Amino acid sequence: MSIVYEYLDGDVCDQAGIGRRARKSAIIRRKETEMPRILDAISCPEDVKWLTSSETEQLCYELREFLITTVTKTGGHLASSLGAVELTVALHRVFDSPKDKIVWDVGHQSYAHKLLTGRRDRFSSLRQYQGLSGFPDRDESPHDAFTTGHAGTSVSAALGMALTRDLAGDSNHVIAVIGDGCLTCGMVYEALNHAGHLGTRLIVVLNDNGMSISPTVGGLARRLNVARTAAPYIHAKEQTGRLLSRLPGGKSLRWAVHRLKEGAKAVVMPTMMWEELGFTYMGPVDGHNLTELEKPLTRAKNYRKPVIVHVLTTKGKGYTPAEDNPALFHGVSPSAENSVKAPTYSQVFAQTVRALLMDNPRLVVISAAMIEGNSLSPLTKEFPHRIYDVGISEQHAVTLAAGLATQGFIPIVAIYSTFLQRAFDQMLHDVCLPDLPVIFAMDRAGIVGDDGKTHQGVFDLSYLSLMPNMTICAPKDEHELQNLLYTSLTTEHPFAIRYPRGRGTGAPLATQLHQIPIGKGEVVRQGSDIAVVGIGSTVMACTEAADELASHGTNAMVINARFAKPLDTDLILGAANHTKKMVIVEENVLSGGFGTAVLDLLQKAAAPDVQVRRLGIPDEFVTHGRQNFLRSLYRLDGPGIASECVDFMSQSSGQARQ
């Protein structure tokens, strides 16, 4: 049986999950029902405040059960949210969302928060088109105080909200919930430094599980690990103090033990750094003990200065496979996707990098907390001194690579397209300006699907194209990825390779790598009626479109541009002059992308009689949904491209007749 709540004053939570009791003293009546879970009775955060201790423990069990059952079907970030269940419940018991602002860093850990804030009935739509986002989203709920999907933003955003509160004369609380992995992000320290300087009321909850996606790296991570191992020692000292207080002379003994405990705590706990920054440090606290969690959170409410509450949790808590392998279960895919046998582009990248590392002692690899995501984990054991994980520090990763390049090394910076955006200035100023041979391997380029608008890699062709000295390419398949990686080592200039998320095309892998001429594309299929120019993952879709067009009597030329910069001018101009009609297809925003470069080329070549249609991402953020569905939505799959070609040719013929 479970519990349903009926307020004696008749007040209920509204559908948005933000209703409150009309009177603070309202009493609730519990009624036994046949409803199977306490979770089913929670329609807004206010409901969790009235649960008993045993009921909250049951609620945490039910939240985990619900998450495991649902997320293994929908896909999503499972281990992080499992580890934050008690913390989420405690936050909503102590604070009053949405009046109090809870800012989740990244949002990997926010699934339980979604369930407690009126979104349980829609949770099966997680990461699906027009369903719930896998991250906090202000458009989705007033309880999501900040839209986020990139790490290290919570303290800055929370401080902005706290300052707004102060200027308005309000009294609400602002809480930033940040994982220890985000403490490798430099932006966090900028925000902490500013918050401590201002001294305004702000609560930072450090959810310390020793992980980001992979184990957290860096000096602070080692310091926090000392605190994790010292926590049982401090707890034992507290129990000893209670025992000694009952003995004769116990007060004196207890004071001595207290001094000993505080001395030990000063040695092992990372308190000094926070206090020097202007924060009051509380912890460490057992993040899976609700009673212990609520105490420091309640105390923090009464402080008039910045406070940090250090919470120790286990990533994947309550689900043995996730606890045993939290990196693997950081993000899970729907089971239907597991039947595809072709290797992923990430796996092909790592396999090729291994061969290159063995062949070239000057080659090094830099990852920004994406060792697992880039499939580089096995290589770290084989090449421990040539693969560097710098944590969530994309800016540092790029300039570190620049420094290595000045000394004759060849660095490969392996960062997802969406995260490389964070190092724009470092690429422009530190790599391209001095024209250094740094290789950028941009995984998850183009439409990434379920992770949604914060992770879509659809801007890189545009922001890289404006950088002088930069070469930009995209392979049509995994075989071409291997050869472009090999080619990148032979240049003495910045070199960017973008490749998509997910499985490859099934093309046979190269047995021997060879160099591809810089700036040269290829004709994949001859034709005379229309030229369809693709780059990267769109080339295969362009070929499928040509097959469909052929079945209706249209002879389409298909070009694999391969390079977005420099363009293969002879190939593109030749195709344009031959067919007079050209469709350009890219998984990138249309503004400033590959198609823009082709239009500029045609204009400079004075080819006014060539008609062009560009297919790509319009001026909007791409939402979450399956990759294939989104490609179909934007007419970037085979049928969509074919349909656009037919429409384009029909309009072109009409204009010609006029």
# chains A, B, ... in the order shown; residues from 1 in each chain; ligands from 1
>>> select_by_dssp(residues="range 315-440 of chain A", states="strand (DSSP E or B)", output="ChimeraX atom specification")
/A:332,344,363-367,387-389,410-416,439-440
>>> atom_distance(atom1="CA of Leu567 in chain A", atom2="CA of Tyr416 in chain A")
23.7 Å
>>> closest_residue(among="A:Asn469, A:Ser643, A:Thr505, A:Ser591", to="Thr344 in chain A", atoms="only C-alpha atoms")
A:Thr505
>>> residues_around(residues="Gln426 in chain A", least_positions_apart="3", cutoff="8 Å", atoms="only C-alpha atoms", output="ChimeraX atom specification")
/A:395,398-399,423,429-431
>>> residues_around(residues="range 82-87 of chain A", least_positions_apart="2", cutoff="7 Å", atoms="only C-alpha atoms", output="mmCIF file with N, CA and C atoms, in the first residue's frame")
data_model
loop_
_atom_site.group_PDB
_atom_site.id
_atom_site.type_symbol
_atom_site.label_atom_id
_atom_site.label_comp_id
_atom_site.auth_asym_id
_atom_site.auth_seq_id
_atom_site.Cartn_x
_atom_site.Cartn_y
_atom_site.Cartn_z
ATOM 1 N N CYS A 60 12.766 6.909 -2.036
ATOM 2 C CA CYS A 60 14.060 6.822 -2.713
ATOM 3 C C CYS A 60 14.208 5.484 -3.430
ATOM 4 N N ARG A 64 14.517 5.082 -7.612
ATOM 5 C CA ARG A 64 15.551 4.305 -8.306
ATOM 6 C C ARG A 64 14.925 3.228 -9.192
ATOM 7 N N LEU A 78 21.931 7.513 -16.675
ATOM 8 C CA LEU A 78 21.367 6.734 -15.578
ATOM 9 C C LEU A 78 22.182 6.822 -14.296
ATOM 10 N N ALA A 79 23.480 6.528 -14.366
ATOM 11 C CA ALA A 79 24.282 6.393 -13.145
ATOM 12 C C ALA A 79 24.305 7.680 -12.332
ATOM 13 N N SER A 80 24.426 8.823 -13.000
ATOM 14 C CA SER A 80 24.501 10.099 -12.283
ATOM 15 C C SER A 80 23.225 10.374 -11.504
ATOM 16 N N VAL A 89 15.840 14.404 -3.028
ATOM 17 C CA VAL A 89 14.728 14.393 -2.068
ATOM 18 C C VAL A 89 15.013 15.363 -0.933
ATOM 19 N N ALA A 90 16.238 15.355 -0.415
ATOM 20 C CA ALA A 90 16.597 16.247 0.686
ATOM 21 C C ALA A 90 16.471 17.709 0.273
ATOM 22 N N LEU A 91 16.907 18.048 -0.923
ATOM 23 C CA LEU A 91 16.813 19.430 -1.395
ATOM 24 C C LEU A 91 15.366 19.890 -1.450
ATOM 25 N N GLN A 109 22.324 14.700 -13.410
ATOM 26 C CA GLN A 109 21.850 14.188 -12.138
ATOM 27 C C GLN A 109 20.424 14.641 -11.802
ATOM 28 N N ALA A 112 15.693 12.510 -11.041
ATOM 29 C CA ALA A 112 14.804 12.403 -9.882
ATOM 30 C C ALA A 112 14.099 13.732 -9.630
ATOM 31 N N GLY A 287 25.883 11.234 1.457
ATOM 32 C CA GLY A 287 24.861 11.642 0.504
ATOM 33 C C GLY A 287 23.738 10.658 0.309
ATOM 34 N N HIS A 288 23.773 9.527 1.015
ATOM 35 C CA HIS A 288 22.690 8.549 0.910
ATOM 36 C C HIS A 288 21.983 8.369 2.252
ATOM 37 N N LEU A 290 19.393 10.465 4.375
ATOM 38 C CA LEU A 290 18.537 11.645 4.303
ATOM 39 C C LEU A 290 18.594 12.491 5.563
ATOM 40 N N THR A 313 28.615 10.800 -2.474
ATOM 41 C CA THR A 313 27.640 9.880 -3.043
ATOM 42 C C THR A 313 28.355 8.816 -3.865
ATOM 43 N N THR A 314 27.596 7.809 -4.257
ATOM 44 C CA THR A 314 28.093 6.736 -5.119
ATOM 45 C C THR A 314 27.365 6.802 -6.446
ATOM 46 N N LYS A 315 28.099 6.997 -7.521
ATOM 47 C CA LYS A 315 27.482 7.052 -8.844
ATOM 48 C C LYS A 315 26.897 5.684 -9.180
ATOM 49 N N GLY A 316 25.623 5.688 -9.589
ATOM 50 C CA GLY A 316 24.951 4.430 -9.905
ATOM 51 C C GLY A 316 24.342 3.747 -8.700
ATOM 52 N N LYS A 317 24.256 4.434 -7.562
ATOM 53 C CA LYS A 317 23.789 3.853 -6.306
ATOM 54 C C LYS A 317 22.470 3.094 -6.482
#
>>> atom_distance(atom1="CA of Met358 in chain A", atom2="CA of Gln512 in chain A")
14.1 Å
>>> atom_distance(atom1="CA of Glu292 in chain A", atom2="CA of Val188 in chain A")
26.5 Å
>>> closest_residue(among="A:Ser551, A:Cys473, A:Gln611, A:Ile415", to="Ala576 in chain A", atoms="only C-alpha atoms")
A:Gln611
>>> residues_around(residues="Gln58 in chain A", least_positions_apart="6", cutoff="9 Å", atoms="only C-alpha atoms", output="tab-separated table (two decimals) with C-alpha atoms, in the first residue's frame")
chain	number	residue	atom	x	y	z
A	37	ARG	CA	3.76	3.45	-4.77
A	38	ILE	CA	4.41	6.53	-2.67
A	39	LEU	CA	5.88	8.03	-5.84
>>> closest_atom_pairs(of="range 135-189 of chain A", to="range 382-390 of chain A", cutoff="12 Å", atoms="only C-alpha atoms", output="tab-separated table")
residue	atom	partner	partner_atom	distance
A:Gly181	CA	A:Val390	CA	11.0
A:Cys182	CA	A:Val390	CA	11.7
A:Leu183	CA	A:Val390	CA	11.5
A:Thr184	CA	A:Val390	CA	7.8
A:Cys185	CA	A:Val390	CA	9.5
A:Gly186	CA	A:Val390	CA	11.2
>>> residues_around(residues="range 449-460 of chain A", least_positions_apart="5", cutoff="6 Å", atoms="only C-alpha atoms", output="short mmCIF file (atom, residue, chain, number, x, y, z; two decimals) with N, CA and C atoms, in the first residue's frame")
data_model
loop_
_atom_site.label_atom_id
_atom_site.label_comp_id
_atom_site.auth_asym_id
_atom_site.auth_seq_id
_atom_site.Cartn_x
_atom_site.Cartn_y
_atom_site.Cartn_z
N ARG A 127 13.88 12.29 -23.74
CA ARG A 127 14.82 12.36 -24.86
C ARG A 127 14.19 11.98 -26.19
N GLY A 149 23.38 22.00 -20.42
CA GLY A 149 23.82 20.68 -20.86
C GLY A 149 25.34 20.61 -20.88
N SER A 417 32.16 17.98 -30.76
CA SER A 417 31.93 19.24 -31.46
C SER A 417 31.26 20.28 -30.57
N THR A 418 30.24 19.89 -29.84
CA THR A 418 29.50 20.85 -29.02
C THR A 418 30.36 21.43 -27.91
N ASN A 588 24.83 20.91 -40.68
CA ASN A 588 25.40 22.10 -40.05
C ASN A 588 24.40 23.23 -40.28
N VAL A 589 24.48 24.27 -39.48
CA VAL A 589 23.60 25.41 -39.72
C VAL A 589 23.93 26.02 -41.08
N PHE A 621 17.68 26.10 -32.84
CA PHE A 621 18.33 25.02 -32.13
C PHE A 621 17.57 23.72 -32.38
N VAL A 622 18.31 22.67 -32.63
CA VAL A 622 17.70 21.37 -32.92
C VAL A 622 17.34 20.68 -31.62
N THR A 623 16.12 20.26 -31.49
CA THR A 623 15.64 19.64 -30.26
C THR A 623 16.11 18.18 -30.19
N HIS A 624 15.64 17.46 -29.16
CA HIS A 624 16.03 16.07 -28.98
C HIS A 624 15.07 15.14 -29.73
N GLY A 625 15.61 14.02 -30.11
CA GLY A 625 14.87 13.01 -30.87
C GLY A 625 15.88 12.09 -31.53
N ARG A 626 15.43 10.98 -32.06
CA ARG A 626 16.32 10.04 -32.72
C ARG A 626 17.00 10.70 -33.91
N GLN A 627 18.27 10.33 -34.15
CA GLN A 627 19.04 10.92 -35.25
C GLN A 627 18.31 10.77 -36.58
#
>>> residues_around(residues="Leu466 in chain A", least_positions_apart="5", cutoff="10 Å", atoms="only C-alpha atoms", output="ChimeraX atom specification")
/A:428,461,565,592-593
>>> closest_residue(among="A:Pro639, A:Asn628, A:Leu404, A:Val48", to="Ala546 in chain A", atoms="only C-alpha atoms")
A:Pro639
>>> decode(residues="range 486-557 of chain A", atoms="C-alpha atoms", output="PDB file, in the first residue's frame")
ATOM      1  CA  TYR A 486      46.677   9.773 -41.339  1.00  0.00           C
ATOM      2  CA  THR A 487      46.668  12.791 -43.661  1.00  0.00           C
ATOM      3  CA  SER A 488      46.338  15.226 -40.748  1.00  0.00           C
ATOM      4  CA  LEU A 489      49.762  14.151 -39.443  1.00  0.00           C
ATOM      5  CA  THR A 490      51.448  15.169 -42.678  1.00  0.00           C
ATOM      6  CA  THR A 491      50.410  18.836 -42.574  1.00  0.00           C
ATOM      7  CA  GLU A 492      52.059  21.669 -40.682  1.00  0.00           C
ATOM      8  CA  HIS A 493      48.861  23.605 -40.068  1.00  0.00           C
ATOM      9  CA  PRO A 494      45.715  23.433 -37.884  1.00  0.00           C
ATOM     10  CA  PHE A 495      43.559  20.542 -39.091  1.00  0.00           C
ATOM     11  CA  ALA A 496      39.970  19.721 -38.058  1.00  0.00           C
ATOM     12  CA  ILE A 497      38.163  16.439 -38.745  1.00  0.00           C
ATOM     13  CA  ARG A 498      34.470  16.205 -37.898  1.00  0.00           C
ATOM     14  CA  TYR A 499      32.709  12.860 -37.720  1.00  0.00           C
ATOM     15  CA  PRO A 500      29.220  11.835 -36.570  1.00  0.00           C
ATOM     16  CA  ARG A 501      27.862  10.114 -33.520  1.00  0.00           C
ATOM     17  CA  GLY A 502      26.984   6.463 -33.716  1.00  0.00           C
ATOM     18  CA  ARG A 503      27.718   3.478 -35.914  1.00  0.00           C
ATOM     19  CA  GLY A 504      29.603   3.644 -39.160  1.00  0.00           C
ATOM     20  CA  THR A 505      28.306   2.714 -42.592  1.00  0.00           C
ATOM     21  CA  GLY A 506      29.877  -0.728 -42.514  1.00  0.00           C
ATOM     22  CA  ALA A 507      32.621   0.236 -44.965  1.00  0.00           C
ATOM     23  CA  PRO A 508      35.628  -2.102 -44.705  1.00  0.00           C
ATOM     24  CA  LEU A 509      38.424  -0.613 -42.608  1.00  0.00           C
ATOM     25  CA  ALA A 510      41.724   0.274 -44.224  1.00  0.00           C
ATOM     26  CA  THR A 511      44.483  -2.330 -44.078  1.00  0.00           C
ATOM     27  CA  GLN A 512      47.027   0.305 -45.058  1.00  0.00           C
ATOM     28  CA  LEU A 513      46.572   4.039 -44.545  1.00  0.00           C
ATOM     29  CA  HIS A 514      47.237   6.504 -47.330  1.00  0.00           C
ATOM     30  CA  GLN A 515      47.323  10.253 -47.695  1.00  0.00           C
ATOM     31  CA  ILE A 516      44.403  12.173 -49.225  1.00  0.00           C
ATOM     32  CA  PRO A 517      45.354  15.357 -51.117  1.00  0.00           C
ATOM     33  CA  ILE A 518      44.346  18.405 -49.092  1.00  0.00           C
ATOM     34  CA  GLY A 519      41.313  20.160 -50.526  1.00  0.00           C
ATOM     35  CA  LYS A 520      40.345  17.389 -52.943  1.00  0.00           C
ATOM     36  CA  GLY A 521      36.909  15.806 -53.155  1.00  0.00           C
ATOM     37  CA  GLU A 522      35.623  13.040 -55.386  1.00  0.00           C
ATOM     38  CA  VAL A 523      32.787  12.213 -57.741  1.00  0.00           C
ATOM     39  CA  VAL A 524      30.909   9.332 -56.162  1.00  0.00           C
ATOM     40  CA  ARG A 525      28.413   9.036 -59.013  1.00  0.00           C
ATOM     41  CA  GLN A 526      28.316  10.576 -62.464  1.00  0.00           C
ATOM     42  CA  GLY A 527      25.240  12.425 -63.688  1.00  0.00           C
ATOM     43  CA  SER A 528      24.137  15.311 -65.875  1.00  0.00           C
ATOM     44  CA  ASP A 529      20.715  16.503 -64.692  1.00  0.00           C
ATOM     45  CA  ILE A 530      21.656  17.837 -61.259  1.00  0.00           C
ATOM     46  CA  ALA A 531      24.702  17.826 -58.963  1.00  0.00           C
ATOM     47  CA  VAL A 532      24.134  16.830 -55.344  1.00  0.00           C
ATOM     48  CA  VAL A 533      27.082  17.825 -53.152  1.00  0.00           C
ATOM     49  CA  GLY A 534      27.405  16.276 -49.730  1.00  0.00           C
ATOM     50  CA  ILE A 535      30.013  16.493 -47.012  1.00  0.00           C
ATOM     51  CA  GLY A 536      30.658  13.990 -44.253  1.00  0.00           C
ATOM     52  CA  SER A 537      27.679  11.955 -43.112  1.00  0.00           C
ATOM     53  CA  THR A 538      25.401  13.464 -45.771  1.00  0.00           C
ATOM     54  CA  VAL A 539      27.290  11.850 -48.673  1.00  0.00           C
ATOM     55  CA  MET A 540      25.678   8.451 -48.108  1.00  0.00           C
ATOM     56  CA  ALA A 541      22.236  10.087 -47.944  1.00  0.00           C
ATOM     57  CA  CYS A 542      22.984  11.944 -51.188  1.00  0.00           C
ATOM     58  CA  THR A 543      23.802   8.614 -52.860  1.00  0.00           C
ATOM     59  CA  GLU A 544      20.521   7.137 -51.604  1.00  0.00           C
ATOM     60  CA  ALA A 545      18.722  10.190 -53.000  1.00  0.00           C
ATOM     61  CA  ALA A 546      20.419   9.679 -56.388  1.00  0.00           C
ATOM     62  CA  ASP A 547      19.202   6.066 -56.440  1.00  0.00           C
ATOM     63  CA  GLU A 548      15.648   7.224 -55.832  1.00  0.00           C
ATOM     64  CA  LEU A 549      15.926   9.963 -58.450  1.00  0.00           C
ATOM     65  CA  ALA A 550      17.256   7.442 -60.979  1.00  0.00           C
ATOM     66  CA  SER A 551      14.145   5.325 -60.499  1.00  0.00           C
ATOM     67  CA  HIS A 552      12.160   8.335 -61.753  1.00  0.00           C
ATOM     68  CA  GLY A 553      14.429   9.068 -64.697  1.00  0.00           C
ATOM     69  CA  THR A 554      16.638  11.777 -63.182  1.00  0.00           C
ATOM     70  CA  ASN A 555      20.391  11.359 -63.627  1.00  0.00           C
ATOM     71  CA  ALA A 556      22.046  12.943 -60.560  1.00  0.00           C
ATOM     72  CA  MET A 557      25.763  13.501 -60.041  1.00  0.00           C
TER      73      MET A 557
END
